[in-house]
Amino acid sequence: MFSNQIDFSPVDRADEFSAQLSEVHQLRLLRLSDAASLFALVEANRAYLKQWLSWLNTTQTLDDTRHFIRLTRERAQDNQGFAAAIIYHKAIVGVVGLNGINWRDRKSSIGYWLAESHQGKGLVTTSCKAVLAHAFDVLALNRITILCASQNVRSQAVPRRLGFVHEGQLRQAQWVYDHFVDHEIFSLLRHEWDAAL
């Protein structure tokens with residue numbers, strides 16, 4: 001189920017995360033220089049992403065994207081999670097990361113999105129696997145969750161492929177523009193990760 005063939009530098013801080021996943025697929029922390037490319041990607045996928053993600057209305061300008069990147073860099077510097085660009089054939093095609101870290105309970109959650117045109121290539125699953133390796137093997141976290149809208153079957157396939165346990169449904173967990181959506185919650189524990197290696 002899992003492979004130990006992820007090439008990342010063993011660091012113990014979220015702000016130094018990067019991973020080379022294949023010759024054409026890599027992850028690295030978002031940079032301010034990525035703002036124009038990331039904003040263009042959001043614009044090109046706005047209608048698609050708006051089905052599932054609630055932050056599109058706060059990303060209306062290039063400056064909004066710069067602000068987002070600054071916040072993610074600060075969070076990474078504080079060792080409270082990170083946002084990494086999913087790069088495929090040298091272009092940013094999505095984002096993946098840890099949405100904050102609860103160090104007392106040693107837990108976090110993974111968030112991700114991918115351009116519609118790049119789905120079906122295993123990019124999110126492979127990217128999440130690299131984030132899991134960093135979270136469990138480097139940061140020594142114990143529990144990782146993934147939340148997916150109940151109607152977003154493609155997104156739910158990612159934690160299922162990675163061996164997460166489906167814990168249940170969170171009813172009306174998120175307000176998405178004009179309605180509430182339910183979320184499915186999935187979790188993976190450190191000992192489950194270790195057993196699958």
# chains A, B, ... in the order shown; residues from 1 in each chain; ligands from 1

call {"tool": "residues_around", "arguments": {"residues": "Leu38 (chain A)", "least_positions_apart": "6", "cutoff": "9 Å", "atoms": "only C-alpha atoms", "output": "PyMOL selection string"}}
result
chain A and resi 62+65+85+92-94

call {"tool": "select_by_dssp", "arguments": {"residues": "chain A", "states": "strand (DSSP E)", "output": "PyMOL selection string"}}
result
chain A and resi 18-20+25-29+82-88+91-102+107-114+143-149+165-175+180-189

call {"tool": "residues_around", "arguments": {"residues": "Asp64 (chain A)", "least_positions_apart": "3", "cutoff": "12 Å", "atoms": "only C-alpha atoms", "output": "JSON, numbers by chain"}}
result
{"A": [32, 35, 36, 38, 39, 42, 55, 56, 57, 58, 59, 60, 61, 67, 68, 69, 70, 71]}

call {"tool": "closest_atom_pairs", "arguments": {"of": "region 47-81 of chain A", "to": "region 110-128 of chain A", "cutoff": "9 Å", "atoms": "only C-alpha atoms", "output": "tab-separated table"}}
result
residue	atom	partner	partner_atom	distance
A:Tyr48	CA	A:Glu116	CA	7.1
A:Leu49	CA	A:Trp113	CA	7.9
A:Leu53	CA	A:Trp113	CA	8.8

call {"tool": "residues_around", "arguments": {"residues": "Leu189 (chain A)", "least_positions_apart": "3", "cutoff": "10 Å", "atoms": "only C-alpha atoms", "output": "count of residues only"}}
result
12

call {"tool": "residues_around", "arguments": {"residues": "Trp52 (chain A)", "least_positions_apart": "4", "cutoff": "9 Å", "atoms": "only C-alpha atoms", "output": "list in words"}}
result
Tyr48, Cys148, Ala149, Gln151, Asn152, Val176 and Val181 of chain A

call {"tool": "write_last_selection", "arguments": {"atoms": "N, CA and C atoms", "output": "compact mmCIF listing (two decimals), in the first residue's frame"}}
result
# COMPACT_ATOMS: atom_id res chain seq x y z
N TYR A 48 -15.03 25.04 -11.01
CA TYR A 48 -14.89 23.66 -10.54
C TYR A 48 -14.63 23.61 -9.03
N CYS A 148 -13.55 15.44 3.61
CA CYS A 148 -14.01 15.60 2.23
C CYS A 148 -15.51 15.83 2.23
N ALA A 149 -15.97 16.71 1.35
CA ALA A 149 -17.41 16.89 1.19
C ALA A 149 -18.03 15.54 0.81
N GLN A 151 -20.37 14.72 -1.08
CA GLN A 151 -20.67 14.53 -2.50
C GLN A 151 -19.41 14.47 -3.36
N ASN A 152 -18.24 14.76 -2.77
CA ASN A 152 -17.00 14.79 -3.54
C ASN A 152 -16.34 13.41 -3.50
N VAL A 176 -20.75 26.52 2.30
CA VAL A 176 -20.11 26.73 1.00
C VAL A 176 -21.00 27.68 0.19
N VAL A 181 -22.64 21.86 3.61
CA VAL A 181 -22.30 20.54 3.08
C VAL A 181 -21.84 19.66 4.23

call {"tool": "residues_around", "arguments": {"residues": "Arg171 (chain A)", "least_positions_apart": "2", "cutoff": "12 Å", "atoms": "only C-alpha atoms", "output": "list of chain:residue names"}}
result
A:Leu147, A:Cys148, A:Ala149, A:Ser150, A:Gly168, A:Gln169, A:Ala173, A:Gln174, A:Trp175, A:Phe180, A:Val181, A:Asp182, A:His183, A:Glu184, A:Ile185

call {"tool": "write_last_selection", "arguments": {"atoms": "N, CA and C atoms", "output": "compact mmCIF listing (two decimals), in the first residue's frame"}}
result
# COMPACT_ATOMS: atom_id res chain seq x y z
N LEU A 147 -10.70 15.56 5.64
CA LEU A 147 -12.13 15.82 5.54
C LEU A 147 -12.48 16.06 4.07
N CYS A 148 -13.55 15.44 3.61
CA CYS A 148 -14.01 15.60 2.23
C CYS A 148 -15.51 15.83 2.23
N ALA A 149 -15.97 16.71 1.35
CA ALA A 149 -17.41 16.89 1.19
C ALA A 149 -18.03 15.54 0.81
N SER A 150 -19.19 15.28 1.39
CA SER A 150 -19.83 13.97 1.18
C SER A 150 -20.14 13.69 -0.29
N GLY A 168 -16.72 8.48 9.91
CA GLY A 168 -18.13 8.86 9.91
C GLY A 168 -18.36 10.15 9.16
N GLN A 169 -19.55 10.70 9.38
CA GLN A 169 -19.97 11.90 8.69
C GLN A 169 -20.19 13.04 9.68
N ALA A 173 -21.16 20.42 8.04
CA ALA A 173 -19.88 20.81 8.64
C ALA A 173 -19.31 22.10 8.06
N GLN A 174 -19.73 22.48 6.86
CA GLN A 174 -19.14 23.66 6.24
C GLN A 174 -20.17 24.42 5.42
N TRP A 175 -20.11 25.74 5.52
CA TRP A 175 -20.93 26.62 4.72
C TRP A 175 -20.18 26.91 3.43
N PHE A 180 -25.03 24.51 3.32
CA PHE A 180 -24.15 23.69 4.13
C PHE A 180 -23.84 22.38 3.40
N VAL A 181 -22.64 21.86 3.61
CA VAL A 181 -22.30 20.54 3.08
C VAL A 181 -21.84 19.66 4.23
N ASP A 182 -22.17 18.38 4.13
CA ASP A 182 -21.69 17.39 5.08
C ASP A 182 -20.26 17.01 4.69
N HIS A 183 -19.50 16.58 5.69
CA HIS A 183 -18.14 16.10 5.45
C HIS A 183 -18.00 14.66 5.90
N GLU A 184 -17.21 13.91 5.14
CA GLU A 184 -16.78 12.58 5.57
C GLU A 184 -15.41 12.76 6.22
N ILE A 185 -15.22 12.11 7.38
CA ILE A 185 -13.94 12.24 8.07
C ILE A 185 -13.21 10.91 8.03

call {"tool": "select_by_dssp", "arguments": {"residues": "region 58-167 of chain A", "states": "alpha helix (DSSP H)", "output": "short mmCIF file (atom, residue, chain, number, x, y, z; two decimals) with N, CA and C atoms, in the first residue's frame"}}
result
data_model
loop_
_atom_site.label_atom_id
_atom_site.label_comp_id
_atom_site.auth_asym_id
_atom_site.auth_seq_id
_atom_site.Cartn_x
_atom_site.Cartn_y
_atom_site.Cartn_z
N LEU A 62 -4.76 39.10 -7.33
CA LEU A 62 -3.39 38.62 -7.17
C LEU A 62 -2.88 38.95 -5.76
N ASP A 63 -3.26 40.10 -5.23
CA ASP A 63 -2.85 40.45 -3.87
C ASP A 63 -3.42 39.49 -2.84
N ASP A 64 -4.64 39.00 -3.06
CA ASP A 64 -5.22 38.00 -2.16
C ASP A 64 -4.35 36.74 -2.14
N THR A 65 -3.87 36.34 -3.30
CA THR A 65 -3.03 35.15 -3.39
C THR A 65 -1.69 35.40 -2.71
N ARG A 66 -1.13 36.59 -2.89
CA ARG A 66 0.13 36.92 -2.19
C ARG A 66 -0.08 36.86 -0.68
N HIS A 67 -1.20 37.39 -0.22
CA HIS A 67 -1.51 37.37 1.22
C HIS A 67 -1.60 35.93 1.72
N PHE A 68 -2.28 35.07 0.97
CA PHE A 68 -2.40 33.66 1.33
C PHE A 68 -1.01 33.02 1.44
N ILE A 69 -0.16 33.26 0.47
CA ILE A 69 1.17 32.66 0.49
C ILE A 69 1.97 33.17 1.69
N ARG A 70 1.87 34.46 1.99
CA ARG A 70 2.57 34.99 3.17
C ARG A 70 2.09 34.29 4.44
N LEU A 71 0.79 34.11 4.56
CA LEU A 71 0.25 33.43 5.75
C LEU A 71 0.75 32.00 5.85
N THR A 72 0.81 31.30 4.72
CA THR A 72 1.29 29.91 4.76
C THR A 72 2.77 29.86 5.10
N ARG A 73 3.53 30.83 4.64
CA ARG A 73 4.96 30.88 4.97
C ARG A 73 5.16 31.15 6.47
N GLU A 74 4.35 32.04 7.02
CA GLU A 74 4.43 32.32 8.47
C GLU A 74 4.06 31.09 9.27
N ARG A 75 3.01 30.40 8.85
CA ARG A 75 2.58 29.19 9.54
C ARG A 75 3.69 28.14 9.50
N ALA A 76 4.36 28.01 8.36
CA ALA A 76 5.45 27.06 8.23
C ALA A 76 6.63 27.46 9.13
N GLN A 77 6.95 28.74 9.16
CA GLN A 77 8.05 29.21 10.01
C GLN A 77 7.76 28.97 11.48
N LEU A 123 -1.75 12.25 -8.87
CA LEU A 123 -0.91 13.31 -8.30
C LEU A 123 -1.27 13.63 -6.86
N VAL A 124 -2.56 13.69 -6.54
CA VAL A 124 -2.95 14.03 -5.16
C VAL A 124 -2.63 12.87 -4.22
N THR A 125 -2.90 11.66 -4.64
CA THR A 125 -2.60 10.51 -3.78
C THR A 125 -1.10 10.44 -3.48
N THR A 126 -0.27 10.57 -4.50
CA THR A 126 1.18 10.53 -4.31
C THR A 126 1.65 11.71 -3.46
N SER A 127 1.07 12.88 -3.68
CA SER A 127 1.43 14.07 -2.90
C SER A 127 1.05 13.90 -1.44
N CYS A 128 -0.15 13.38 -1.19
CA CYS A 128 -0.59 13.15 0.19
C CYS A 128 0.29 12.11 0.88
N LYS A 129 0.72 11.12 0.14
CA LYS A 129 1.60 10.10 0.70
C LYS A 129 2.92 10.73 1.17
N ALA A 130 3.45 11.68 0.40
CA ALA A 130 4.67 12.38 0.80
C ALA A 130 4.44 13.23 2.05
N VAL A 131 3.28 13.87 2.12
CA VAL A 131 2.95 14.66 3.31
C VAL A 131 2.82 13.75 4.52
N LEU A 132 2.21 12.57 4.34
CA LEU A 132 2.09 11.60 5.43
C LEU A 132 3.46 11.14 5.91
N ALA A 133 4.35 10.85 4.98
CA ALA A 133 5.71 10.42 5.36
C ALA A 133 6.38 11.49 6.20
N VAL A 153 -16.86 12.52 -4.32
CA VAL A 153 -16.42 11.13 -4.34
C VAL A 153 -14.96 11.01 -4.76
N ARG A 154 -14.53 11.83 -5.71
CA ARG A 154 -13.13 11.77 -6.18
C ARG A 154 -12.17 12.11 -5.05
N SER A 155 -12.51 13.11 -4.26
CA SER A 155 -11.64 13.50 -3.15
C SER A 155 -11.60 12.40 -2.09
N GLN A 156 -12.73 11.76 -1.84
CA GLN A 156 -12.78 10.69 -0.85
C GLN A 156 -11.95 9.47 -1.27
N ALA A 157 -11.74 9.31 -2.56
CA ALA A 157 -10.94 8.17 -3.03
C ALA A 157 -9.49 8.27 -2.55
N VAL A 158 -9.01 9.48 -2.30
CA VAL A 158 -7.61 9.65 -1.89
C VAL A 158 -7.35 9.00 -0.53
N PRO A 159 -8.07 9.38 0.54
CA PRO A 159 -7.79 8.71 1.82
C PRO A 159 -8.10 7.22 1.77
N ARG A 160 -9.09 6.82 1.02
CA ARG A 160 -9.39 5.39 0.92
C ARG A 160 -8.21 4.63 0.31
N ARG A 161 -7.61 5.18 -0.77
CA ARG A 161 -6.45 4.54 -1.39
C ARG A 161 -5.26 4.48 -0.44
#

call {"tool": "closest_residue", "arguments": {"among": "A:Ala140, A:Leu27, A:Ala47, A:Ser37", "to": "Gly97 (chain A)", "atoms": "only C-alpha atoms"}}
result
A:Leu27

call {"tool": "atom_distance", "arguments": {"atom1": "CA of Leu21 (chain A)", "atom2": "CA of Lys50 (chain A)"}}
result
28.3 Å

call {"tool": "atom_distance", "arguments": {"atom1": "CA of Ile101 (chain A)", "atom2": "CA of Phe17 (chain A)"}}
result
14.3 Å

call {"tool": "atom_distance", "arguments": {"atom1": "CA of Gly163 (chain A)", "atom2": "CA of Arg190 (chain A)"}}
result
11.8 Å

call {"tool": "decode", "arguments": {"residues": "region 66-111 of chain A", "atoms": "N, CA and C atoms", "output": "tab-separated table (two decimals), in the first residue's frame"}}
result
chain	number	residue	atom	x	y	z
A	66	ARG	N	-1.13	36.59	-2.89
A	66	ARG	CA	0.13	36.92	-2.19
A	66	ARG	C	-0.08	36.86	-0.68
A	67	HIS	N	-1.20	37.39	-0.22
A	67	HIS	CA	-1.51	37.37	1.22
A	67	HIS	C	-1.60	35.93	1.72
A	68	PHE	N	-2.28	35.07	0.97
A	68	PHE	CA	-2.40	33.66	1.33
A	68	PHE	C	-1.01	33.02	1.44
A	69	ILE	N	-0.16	33.26	0.47
A	69	ILE	CA	1.17	32.66	0.49
A	69	ILE	C	1.97	33.17	1.69
A	70	ARG	N	1.87	34.46	1.99
A	70	ARG	CA	2.57	34.99	3.17
A	70	ARG	C	2.09	34.29	4.44
A	71	LEU	N	0.79	34.11	4.56
A	71	LEU	CA	0.25	33.43	5.75
A	71	LEU	C	0.75	32.00	5.85
A	72	THR	N	0.81	31.30	4.72
A	72	THR	CA	1.29	29.91	4.76
A	72	THR	C	2.77	29.86	5.10
A	73	ARG	N	3.53	30.83	4.64
A	73	ARG	CA	4.96	30.88	4.97
A	73	ARG	C	5.16	31.15	6.47
A	74	GLU	N	4.35	32.04	7.02
A	74	GLU	CA	4.43	32.32	8.47
A	74	GLU	C	4.06	31.09	9.27
A	75	ARG	N	3.01	30.40	8.85
A	75	ARG	CA	2.58	29.19	9.54
A	75	ARG	C	3.69	28.14	9.50
A	76	ALA	N	4.36	28.01	8.36
A	76	ALA	CA	5.45	27.06	8.23
A	76	ALA	C	6.63	27.46	9.13
A	77	GLN	N	6.95	28.74	9.16
A	77	GLN	CA	8.05	29.21	10.01
A	77	GLN	C	7.76	28.97	11.48
A	78	ASP	N	6.49	29.05	11.85
A	78	ASP	CA	6.09	28.78	13.24
A	78	ASP	C	5.92	27.29	13.52
A	79	ASN	N	6.21	26.46	12.53
A	79	ASN	CA	6.09	25.01	12.63
A	79	ASN	C	4.65	24.59	12.97
A	80	GLN	N	3.71	25.25	12.31
A	80	GLN	CA	2.29	24.98	12.54
A	80	GLN	C	1.59	24.49	11.27
A	81	GLY	N	2.35	23.83	10.41
A	81	GLY	CA	1.77	23.32	9.17
A	81	GLY	C	2.42	24.00	7.98
A	82	PHE	N	1.95	23.66	6.78
A	82	PHE	CA	2.53	24.24	5.57
A	82	PHE	C	1.60	24.03	4.40
A	83	ALA	N	1.87	24.78	3.34
A	83	ALA	CA	1.18	24.60	2.06
A	83	ALA	C	2.25	24.45	0.99
A	84	ALA	N	2.18	23.37	0.25
A	84	ALA	CA	3.16	23.08	-0.79
A	84	ALA	C	2.51	23.10	-2.17
A	85	ALA	N	3.26	23.62	-3.11
A	85	ALA	CA	2.82	23.57	-4.50
A	85	ALA	C	2.98	22.14	-5.01
A	86	ILE	N	1.95	21.65	-5.69
A	86	ILE	CA	2.06	20.39	-6.43
A	86	ILE	C	2.54	20.79	-7.82
A	87	ILE	N	3.75	20.37	-8.16
A	87	ILE	CA	4.35	20.76	-9.43
A	87	ILE	C	4.44	19.53	-10.32
A	88	TYR	N	3.93	19.70	-11.55
A	88	TYR	CA	3.92	18.61	-12.52
A	88	TYR	C	4.43	19.17	-13.84
A	89	HIS	N	5.48	18.57	-14.38
A	89	HIS	CA	6.13	19.09	-15.59
A	89	HIS	C	6.44	20.58	-15.44
A	90	LYS	N	6.98	20.95	-14.28
A	90	LYS	CA	7.48	22.29	-13.97
A	90	LYS	C	6.39	23.35	-13.82
A	91	ALA	N	5.12	22.95	-13.75
A	91	ALA	CA	4.03	23.90	-13.58
A	91	ALA	C	3.26	23.57	-12.30
A	92	ILE	N	2.81	24.60	-11.61
A	92	ILE	CA	1.97	24.38	-10.43
A	92	ILE	C	0.59	23.94	-10.90
A	93	VAL	N	0.13	22.79	-10.37
A	93	VAL	CA	-1.17	22.25	-10.76
A	93	VAL	C	-2.12	22.09	-9.56
A	94	GLY	N	-1.64	22.42	-8.36
A	94	GLY	CA	-2.49	22.31	-7.18
A	94	GLY	C	-1.68	22.62	-5.93
A	95	VAL	N	-2.32	22.38	-4.79
A	95	VAL	CA	-1.72	22.67	-3.48
A	95	VAL	C	-2.07	21.53	-2.53
A	96	VAL	N	-1.11	21.17	-1.67
A	96	VAL	CA	-1.32	20.17	-0.64
A	96	VAL	C	-0.58	20.63	0.61
A	97	GLY	N	-1.06	20.23	1.78
A	97	GLY	CA	-0.32	20.60	2.99
A	97	GLY	C	-0.98	20.15	4.26
A	98	LEU	N	-0.33	20.49	5.36
A	98	LEU	CA	-0.87	20.23	6.70
A	98	LEU	C	-1.57	21.49	7.18
A	99	ASN	N	-2.84	21.35	7.54
A	99	ASN	CA	-3.66	22.49	7.97
A	99	ASN	C	-3.51	22.76	9.45
A	100	GLY	N	-2.34	23.15	9.86
A	100	GLY	CA	-2.10	23.40	11.28
A	100	GLY	C	-1.71	22.12	11.99
A	101	ILE	N	-0.98	22.27	13.09
A	101	ILE	CA	-0.51	21.11	13.86
A	101	ILE	C	-0.86	21.32	15.32
A	102	ASN	N	-1.52	20.36	15.91
A	102	ASN	CA	-1.78	20.35	17.35
A	102	ASN	C	-0.64	19.53	17.97
A	103	TRP	N	0.38	20.21	18.48
A	103	TRP	CA	1.56	19.52	18.99
A	103	TRP	C	1.29	18.77	20.28
A	104	ARG	N	0.38	19.26	21.11
A	104	ARG	CA	0.07	18.56	22.36
A	104	ARG	C	-0.51	17.18	22.07
A	105	ASP	N	-1.45	17.13	21.14
A	105	ASP	CA	-2.07	15.85	20.81
A	105	ASP	C	-1.41	15.17	19.61
A	106	ARG	N	-0.39	15.82	19.04
A	106	ARG	CA	0.40	15.28	17.93
A	106	ARG	C	-0.50	14.87	16.75
A	107	LYS	N	-1.32	15.83	16.30
A	107	LYS	CA	-2.22	15.54	15.20
A	107	LYS	C	-2.32	16.72	14.25
A	108	SER	N	-2.77	16.43	13.04
A	108	SER	CA	-2.97	17.45	12.03
A	108	SER	C	-3.96	16.92	11.00
A	109	SER	N	-4.25	17.74	10.00
A	109	SER	CA	-5.11	17.30	8.90
A	109	SER	C	-4.46	17.71	7.58
A	110	ILE	N	-4.72	16.94	6.56
A	110	ILE	CA	-4.20	17.23	5.23
A	110	ILE	C	-5.32	17.88	4.41
A	111	GLY	N	-4.94	18.95	3.73
A	111	GLY	CA	-5.85	19.59	2.78
A	111	GLY	C	-5.20	19.58	1.40
